[in-house]
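Notes follow once the structure below has been shown.
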Amino acid sequence: MVWVRRVRTASGATAVQIAESVNGRRRIVRHVGSARNEADLGLLMEQARALLADDRQGVLDLGITPVAAKAVMVPAARPSGLFMDPEPSSAVSAVPAVSAARPMVSRSRVLKTSSGLLYGALAGVYTDLGFDVVADDIFRDLVIARVVEPTSLLDVDRVLAELGRRAVSLSTRKRTLRRAHQGSYRDQVAVACFEHACTSGDVSLVLYDVTTLYFEAEKEDGLRKVGYSKERRVDRQIVVGLLVDREGFPLEIGCFEGNKAETATIIPIVKQFQERHNIADMVVVADAGMLSTSNLTALDEANLRFIVGSRVTKAPKDLESHFRWHGDAFTDGQLIDTLIPRTGHTVENDPNLKAEPVWDREQHPGSWRAVWAYSAKRAARDSTTLTLQENRAKAVVAGEKAARTPRFVKTTNGSRTLDEASLARARRLVGLKGYVTNIPAELMPASEVIASYHDLWQVEQSFRMSKTDLRARPMFARTRDAIEAHLTIVFTALAVSREVQARTGLSLRRVLRALKPLRSATIEINGVVTTIPPALNSDEAEIIEALERPPSRH
């Protein structure tokens with residue numbers, strides 16, 4: 001006789017064994033395993049019964065789903081006493097292979113699988129950033145879904161189901177967007193972003209830039225208007241301004257009409273940021289598109305320091321003294337610290353003096369400080385570009401190419417000629433890059449001014465992430481409230497994405513590519529429902545560990 005035997009071990013587990021009776025004595029044929037819960041015990045019992053089955057005997061197919069017996073753990077032995085209830089003298093019990101009296105349950109099955117590990121990791125980053133202050137679980141799910149797979153509001157339930165979340169109805173999601181706009185969710189998220197940047201980074205220097213998001217709309221409205229497009233499109237669009245810290249972490253976002261000039265966006269965003277956090281002193285860095293007399297004056301009057309890019313066409317005026325005393329000679333890496341007039345009529349740099357003046361607010365009230373840098377690498381690149389433009393201009397003048405009038409072509413009385421003077425001026429300025437600031441040289445040397453300006457690539461990268469990874473273009477939003485709510489979700493998702501990159505040192509795409517395929521399985525075994533986490537290799541475990549450990553950004 002052969003049977004499946006259960007016995008309680010010294011460690012408290014239940015061992016499953018296959019035993020046989022030989023000449024009246026019990027012999028252990030095989031030890032199948034030990035279980036510490038009923039789910040594992042059910043699996044071991046099924047494995048033991050499978051070992052007892054005779055493969056040579058056929059099974060009649062009656063169309064009935066096979067069932068498995070529900071197994072229970074062997075209880076611990078109880079001490080015997082004079083008045084105790086009678087109990088078996090041994091914790092050992094013999095379980096026959098087949099018994100019709102046992103309770104039956106359905107065979108073990110998989111109920112669902114999901115990328116719950118990815119959702120949990122992103123939700124942890126969301127909480128660490130302090131965004132739980134919003135106290136809206138639906139908003140959090142919309143943000144995480146935007147990070148994982150940007151899609152429409154209608155399709156977001158599919159993304160959340162993949163993450164193991166049960167999505168609410170479409171109407172509830174729309175109410176969440178209205179609540180996000182009316183409930184000032186963006187203000188709460190912006191405050192949390194600022195507090196995070198203060199504790200783990202540096203907000204003494206912020207970077208600003210703008211981008212455009214277009215709409216395929218037939219008519220303009222109060223917000224979506226035709227204007228200068230970064231993507232060279234003629235569709236209706238909006239202008240989005242973004243303020244980040246020197247690591248690219250978002251601090252403030254703003255939405256403007258599509259025909260609003262870039263120079264008219266920086267002051268509202270900076271003042272909003274300044275008033276929200278009661279900041280009295282910081283450095284604002286922006287590109288040459290923000291260079292205007294009114295912008296620089298407004299920033300200076302607000303007691304803010306700035307670093308903006310200068311246009312190369314201003315070099316002849318700023319470097320007049322250098323060109324007079326040194327000609328066109330520059331050395332690689334050369335820095336020239338001089339003045340730039342606040343207006344075109346102010347001249348405080350005397351070209352008769354060989355030494356460049358050192359900017360001082362009191363001595364030069366009509367000028368800003370200008371730093372010019374020469375790079376041989378930039379000069380080679382600029383020369384190549386000018387040569388291509390010259391060849392194109394010559395082809396147009398010779399009639400070899402029919403095109404709109406390119407650079408270095410001038411038209412006189414209907415005839416086109418090469419503009420030799422403009423070409424010569426452009427070649428004279430190759431390799432030069434200028435920067436304008438109101439920070440004195442004793443507080444920030446020229447090299448640091450240039451290094452701070454070069455951090456602008458961080459805000460450009462944030463814009464690229466918003467447009468590509470997060471698909472910030474609100475394709476399905478039409479009203480201003482819906483567009484603003486959509487940008488609030490994108491702003492929050494951008495903060496989560498930048499933090500994921502900062503913690504792991506990997507791009508967002510690589511993190512998602514590594515974690516999204518890891519599926520947790522919810523299964524029912526022996527009548528017990530349990531969730532089994534995915535197996536992790538060393539790289540995946542390292543990513544998860546990094547996401548759970550905030551980085552030091554100082």
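Quick note on naming: the chains in the structure tokens go A, B, ... in the order shown, residues restart at 1 in each chain, and ligands are numbered from 1 in order of appearance.
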
Which of range 278-377 of chain A fall in alpha helix (DSSP H), as a list in words: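 The alpha helix (DSSP H) residues within range 278-377 of chain A come out as Thr293, Ser294, Asn295, Leu296, Thr297, Ala298, Leu299, Asp300, Glu301, Ala315, Pro316, Lys317, Asp318, Glu320, Ser321, His322, Phe323, Arg324, Trp325, His326, Ala376 and Lys377 of chain A.
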
Neighbour list for Met444 in chain A as a list in words, cut-off 12 Å, only C-alpha atoms, skip fewer than 6 positions in-chain: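 Everything that qualifies: Val283, Arg305, Phe306, Ile307, Asp337, Arg369, Val371, Thr437, Asn438, Ile450, Ala451 and Ser452 of chain A.
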
Val206 in chain A surroundings by only C-alpha atoms, 10 Å radius, close-in-sequence under 5 positions cut, as a PyMOL selection string: chain A and resi 243-251+270+282-286+306+452+455-456+459

Would you list the contacts of range 346-359 of chain A as a PDB file with all heavy atoms, in the first residue's frame, taking every protein, DNA or RNA residue within 6 Å and counting only C-alpha atoms, but skipping same-chain residues closer than 5 positions in sequence?
```pdb
ATOM      1  N   GLU A 320      34.415  96.699 -29.959  1.00  0.00           N
ATOM      2  CA  GLU A 320      35.031  97.727 -30.807  1.00  0.00           C
ATOM      3  C   GLU A 320      36.459  98.009 -30.380  1.00  0.00           C
ATOM      4  O   GLU A 320      37.365  98.175 -31.215  1.00  0.00           O
ATOM      5  CB  GLU A 320      34.188  99.009 -30.749  1.00  0.00           C
ATOM      6  CG  GLU A 320      34.662 100.097 -31.707  1.00  0.00           C
ATOM      7  CD  GLU A 320      33.753 101.312 -31.684  1.00  0.00           C
ATOM      8  OE1 GLU A 320      32.781 101.318 -30.909  1.00  0.00           O
ATOM      9  OE2 GLU A 320      34.034 102.267 -32.441  1.00  0.00           O
ATOM     10  N   SER A 321      36.700  98.062 -29.081  1.00  0.00           N
ATOM     11  CA  SER A 321      38.050  98.324 -28.590  1.00  0.00           C
ATOM     12  C   SER A 321      38.998  97.183 -28.967  1.00  0.00           C
ATOM     13  O   SER A 321      40.147  97.419 -29.379  1.00  0.00           O
ATOM     14  CB  SER A 321      38.022  98.519 -27.074  1.00  0.00           C
ATOM     15  OG  SER A 321      39.320  98.700 -26.565  1.00  0.00           O
ATOM     16  N   THR A 338      33.584  92.877 -20.890  1.00  0.00           N
ATOM     17  CA  THR A 338      33.435  94.269 -21.314  1.00  0.00           C
ATOM     18  C   THR A 338      32.017  94.759 -21.006  1.00  0.00           C
ATOM     19  O   THR A 338      31.347  94.218 -20.113  1.00  0.00           O
ATOM     20  CB  THR A 338      33.760  94.402 -22.810  1.00  0.00           C
ATOM     21  OG1 THR A 338      33.689  95.771 -23.194  1.00  0.00           O
ATOM     22  CG2 THR A 338      32.852  93.561 -23.660  1.00  0.00           C
ATOM     23  N   PRO A 341      25.754  98.249 -24.243  1.00  0.00           N
ATOM     24  CA  PRO A 341      24.802  99.327 -23.948  1.00  0.00           C
ATOM     25  C   PRO A 341      23.414  98.776 -23.638  1.00  0.00           C
ATOM     26  O   PRO A 341      22.954  97.832 -24.271  1.00  0.00           O
ATOM     27  CB  PRO A 341      24.798 100.158 -25.237  1.00  0.00           C
ATOM     28  CG  PRO A 341      26.042  99.769 -25.967  1.00  0.00           C
ATOM     29  CD  PRO A 341      26.313  98.352 -25.601  1.00  0.00           C
ATOM     30  N   ARG A 369      26.898  94.261 -18.077  1.00  0.00           N
ATOM     31  CA  ARG A 369      28.152  93.528 -18.235  1.00  0.00           C
ATOM     32  C   ARG A 369      28.000  92.522 -19.375  1.00  0.00           C
ATOM     33  O   ARG A 369      26.990  91.818 -19.466  1.00  0.00           O
ATOM     34  CB  ARG A 369      28.506  92.799 -16.938  1.00  0.00           C
ATOM     35  CG  ARG A 369      29.811  91.996 -17.014  1.00  0.00           C
ATOM     36  CD  ARG A 369      29.989  91.174 -15.750  1.00  0.00           C
ATOM     37  NE  ARG A 369      31.159  90.305 -15.816  1.00  0.00           N
ATOM     38  CZ  ARG A 369      31.379  89.277 -15.000  1.00  0.00           C
ATOM     39  NH1 ARG A 369      30.485  88.996 -14.052  1.00  0.00           N
ATOM     40  NH2 ARG A 369      32.473  88.546 -15.119  1.00  0.00           N
TER      41      ARG A 369
END
```

List as an mmCIF file with N, CA, C and O atoms, in the first residue's frame the protein and nucleic acid residues near Leu129 in chain A, meaning an atom at most 9 Å away when only C-alpha atoms are counted, but skip any in the same chain fewer than 3 places from it.
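Writing done, so here's part-v3.cif:
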```
data_model
loop_
_atom_site.group_PDB
_atom_site.id
_atom_site.type_symbol
_atom_site.label_atom_id
_atom_site.label_comp_id
_atom_site.auth_asym_id
_atom_site.auth_seq_id
_atom_site.Cartn_x
_atom_site.Cartn_y
_atom_site.Cartn_z
ATOM 1 N N GLY A 124 5.994 55.361 -5.255
ATOM 2 C CA GLY A 124 6.913 55.723 -4.177
ATOM 3 C C GLY A 124 7.653 57.023 -4.459
ATOM 4 O O GLY A 124 7.828 57.856 -3.570
ATOM 5 N N VAL A 125 8.094 57.212 -5.717
ATOM 6 C CA VAL A 125 8.750 58.468 -6.090
ATOM 7 C C VAL A 125 7.765 59.626 -5.979
ATOM 8 O O VAL A 125 8.110 60.707 -5.479
ATOM 9 N N TYR A 126 6.537 59.420 -6.430
ATOM 10 C CA TYR A 126 5.477 60.437 -6.332
ATOM 11 C C TYR A 126 5.290 60.881 -4.877
ATOM 12 O O TYR A 126 5.207 62.080 -4.581
ATOM 13 N N ASP A 132 1.688 63.834 -2.482
ATOM 14 C CA ASP A 132 0.506 63.339 -1.780
ATOM 15 C C ASP A 132 -0.258 64.462 -1.100
ATOM 16 O O ASP A 132 -1.386 64.248 -0.637
ATOM 17 N N ALA A 192 5.500 71.815 -3.640
ATOM 18 C CA ALA A 192 6.220 70.578 -3.315
ATOM 19 C C ALA A 192 7.509 70.464 -4.127
ATOM 20 O O ALA A 192 8.545 70.027 -3.607
ATOM 21 N N CYS A 193 7.470 70.864 -5.401
ATOM 22 C CA CYS A 193 8.677 70.838 -6.233
ATOM 23 C C CYS A 193 9.743 71.773 -5.677
ATOM 24 O O CYS A 193 10.939 71.439 -5.636
ATOM 25 N N GLU A 195 10.094 72.815 -2.542
ATOM 26 C CA GLU A 195 10.629 72.277 -1.288
ATOM 27 C C GLU A 195 11.601 71.134 -1.556
ATOM 28 O O GLU A 195 12.645 71.023 -0.901
ATOM 29 N N HIS A 196 11.281 70.294 -2.537
ATOM 30 C CA HIS A 196 12.196 69.201 -2.881
ATOM 31 C C HIS A 196 13.510 69.742 -3.440
ATOM 32 O O HIS A 196 14.591 69.263 -3.086
ATOM 33 N N ALA A 495 8.168 66.112 -13.285
ATOM 34 C CA ALA A 495 8.908 66.085 -12.021
ATOM 35 C C ALA A 495 9.220 64.652 -11.605
ATOM 36 O O ALA A 495 10.346 64.344 -11.182
ATOM 37 N N VAL A 496 8.238 63.755 -11.728
ATOM 38 C CA VAL A 496 8.463 62.347 -11.389
ATOM 39 C C VAL A 496 9.521 61.744 -12.313
ATOM 40 O O VAL A 496 10.431 61.025 -11.867
ATOM 41 N N GLU A 499 13.038 62.935 -11.504
ATOM 42 C CA GLU A 499 13.517 62.318 -10.271
ATOM 43 C C GLU A 499 13.906 60.857 -10.505
ATOM 44 O O GLU A 499 14.895 60.373 -9.945
#
```

Residue list (strand (DSSP E), DSSP) for range 312-484 of chain A, as a VMD selection string: chain A and resid 335 to 341 367 to 374 409 to 412 415 to 418 432 to 437

Write out, as a compact mmCIF listing (two decimals), in the first residue's frame, the residues just selected, with N, CA, C and O atoms.
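Wrote out-v6.txt, looks like this:
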```
# COMPACT_ATOMS: atom_id res chain seq x y z
N LEU A 335 38.54 84.85 -23.26
CA LEU A 335 37.38 85.50 -22.67
C LEU A 335 37.62 87.01 -22.64
O LEU A 335 38.70 87.46 -22.25
N ILE A 336 36.62 87.78 -23.04
CA ILE A 336 36.70 89.23 -23.02
C ILE A 336 35.55 89.75 -22.19
O ILE A 336 34.37 89.56 -22.52
N ASP A 337 35.86 90.39 -21.07
CA ASP A 337 34.87 90.94 -20.14
C ASP A 337 34.74 92.43 -20.42
O ASP A 337 35.68 93.19 -20.19
N THR A 338 33.58 92.88 -20.89
CA THR A 338 33.44 94.27 -21.31
C THR A 338 32.02 94.76 -21.01
O THR A 338 31.35 94.22 -20.11
N LEU A 339 31.56 95.78 -21.76
CA LEU A 339 30.24 96.39 -21.56
C LEU A 339 29.38 96.21 -22.80
O LEU A 339 29.88 96.05 -23.91
N ILE A 340 28.06 96.23 -22.58
CA ILE A 340 27.09 96.26 -23.67
C ILE A 340 26.07 97.34 -23.33
O ILE A 340 25.58 97.40 -22.21
N PRO A 341 25.75 98.25 -24.24
CA PRO A 341 24.80 99.33 -23.95
C PRO A 341 23.41 98.78 -23.64
O PRO A 341 22.95 97.83 -24.27
N SER A 367 24.83 100.71 -19.04
CA SER A 367 25.34 99.49 -19.67
C SER A 367 25.11 98.28 -18.78
O SER A 367 24.87 98.41 -17.57
N TRP A 368 25.17 97.11 -19.40
CA TRP A 368 25.22 95.85 -18.67
C TRP A 368 26.61 95.24 -18.87
O TRP A 368 27.38 95.68 -19.73
N ARG A 369 26.90 94.26 -18.08
CA ARG A 369 28.15 93.53 -18.24
C ARG A 369 28.00 92.52 -19.38
O ARG A 369 26.99 91.82 -19.47
N ALA A 370 28.99 92.46 -20.25
CA ALA A 370 29.00 91.52 -21.37
C ALA A 370 30.26 90.66 -21.32
O ALA A 370 31.36 91.18 -21.09
N VAL A 371 30.09 89.36 -21.52
CA VAL A 371 31.21 88.43 -21.58
C VAL A 371 31.18 87.77 -22.95
O VAL A 371 30.16 87.19 -23.35
N TRP A 372 32.30 87.87 -23.66
CA TRP A 372 32.43 87.24 -24.98
C TRP A 372 33.49 86.16 -24.92
O TRP A 372 34.56 86.35 -24.33
N ALA A 373 33.18 85.02 -25.52
CA ALA A 373 34.11 83.88 -25.52
C ALA A 373 34.36 83.44 -26.95
O ALA A 373 33.45 83.45 -27.78
N TYR A 374 35.62 83.06 -27.22
CA TYR A 374 35.99 82.56 -28.56
C TYR A 374 36.35 81.10 -28.45
O TYR A 374 37.10 80.67 -27.56
N VAL A 409 22.33 87.44 -50.11
CA VAL A 409 21.88 87.83 -51.45
C VAL A 409 21.11 89.14 -51.33
O VAL A 409 20.16 89.24 -50.54
N LYS A 410 21.53 90.16 -52.09
CA LYS A 410 20.82 91.45 -52.08
C LYS A 410 20.25 91.70 -53.47
O LYS A 410 20.84 91.32 -54.50
N THR A 411 19.09 92.30 -53.48
CA THR A 411 18.39 92.57 -54.73
C THR A 411 18.41 94.07 -55.00
O THR A 411 17.98 94.86 -54.15
N THR A 412 18.91 94.45 -56.16
CA THR A 412 18.98 95.87 -56.56
C THR A 412 18.39 96.01 -57.95
O THR A 412 18.91 95.43 -58.91
N SER A 415 17.76 92.85 -59.89
CA SER A 415 18.88 91.92 -60.12
C SER A 415 19.48 91.49 -58.78
O SER A 415 19.57 92.29 -57.84
N ARG A 416 19.89 90.23 -58.70
CA ARG A 416 20.45 89.68 -57.47
C ARG A 416 21.96 89.62 -57.55
O ARG A 416 22.53 89.21 -58.57
N THR A 417 22.60 90.04 -56.44
CA THR A 417 24.06 89.99 -56.36
C THR A 417 24.46 89.46 -54.99
O THR A 417 23.67 89.47 -54.04
N LEU A 418 25.67 88.97 -54.89
CA LEU A 418 26.19 88.46 -53.63
C LEU A 418 26.56 89.63 -52.72
O LEU A 418 27.28 90.54 -53.14
N LEU A 432 32.59 83.39 -32.04
CA LEU A 432 32.28 84.24 -30.89
C LEU A 432 30.90 83.93 -30.33
O LEU A 432 29.96 83.64 -31.07
N LYS A 433 30.78 83.97 -29.02
CA LYS A 433 29.51 83.78 -28.34
C LYS A 433 29.46 84.75 -27.16
O LYS A 433 30.41 84.84 -26.38
N GLY A 434 28.36 85.51 -27.07
CA GLY A 434 28.27 86.54 -26.04
C GLY A 434 27.24 86.22 -24.98
O GLY A 434 26.27 85.50 -25.20
N TYR A 435 27.44 86.80 -23.79
CA TYR A 435 26.55 86.61 -22.64
C TYR A 435 26.39 87.97 -21.95
O TYR A 435 27.37 88.71 -21.79
N VAL A 436 25.17 88.28 -21.53
CA VAL A 436 24.86 89.54 -20.88
C VAL A 436 24.39 89.25 -19.46
O VAL A 436 23.56 88.35 -19.25
N THR A 437 24.89 90.02 -18.49
CA THR A 437 24.53 89.79 -17.10
C THR A 437 24.60 91.08 -16.32
O THR A 437 25.21 92.07 -16.76
```

Nearest to His364 in chain A by atom-to-atom distance, counting only C-alpha atoms, from A:Pro440, A:Val239, A:Arg109, A:Arg392: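 Looking only at the distances to His364 in chain A, the closest residue turns out to be A:Pro440.
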
Which of A:Thr212, A:Gln334, A:Ser34, A:Ser108 sits closest to Glu524 in chain A [using only C-alpha atoms]: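 Of all the options, A:Ser108 lies closest to Glu524 in chain A.
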
Shortest interatomic distance to Ser466 in chain A - which of A:Ser229, A:Thr199, A:Ser447, A:Ser497, counting only C-alpha atoms: A:Ser497

Among listed residues A:Met475, A:Arg173, A:Arg342, A:Arg107, nearest Gly366 in chain A (using only C-alpha atoms):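 Residue with the minimum atom-to-atom distance to Gly366 in chain A: A:Arg342.
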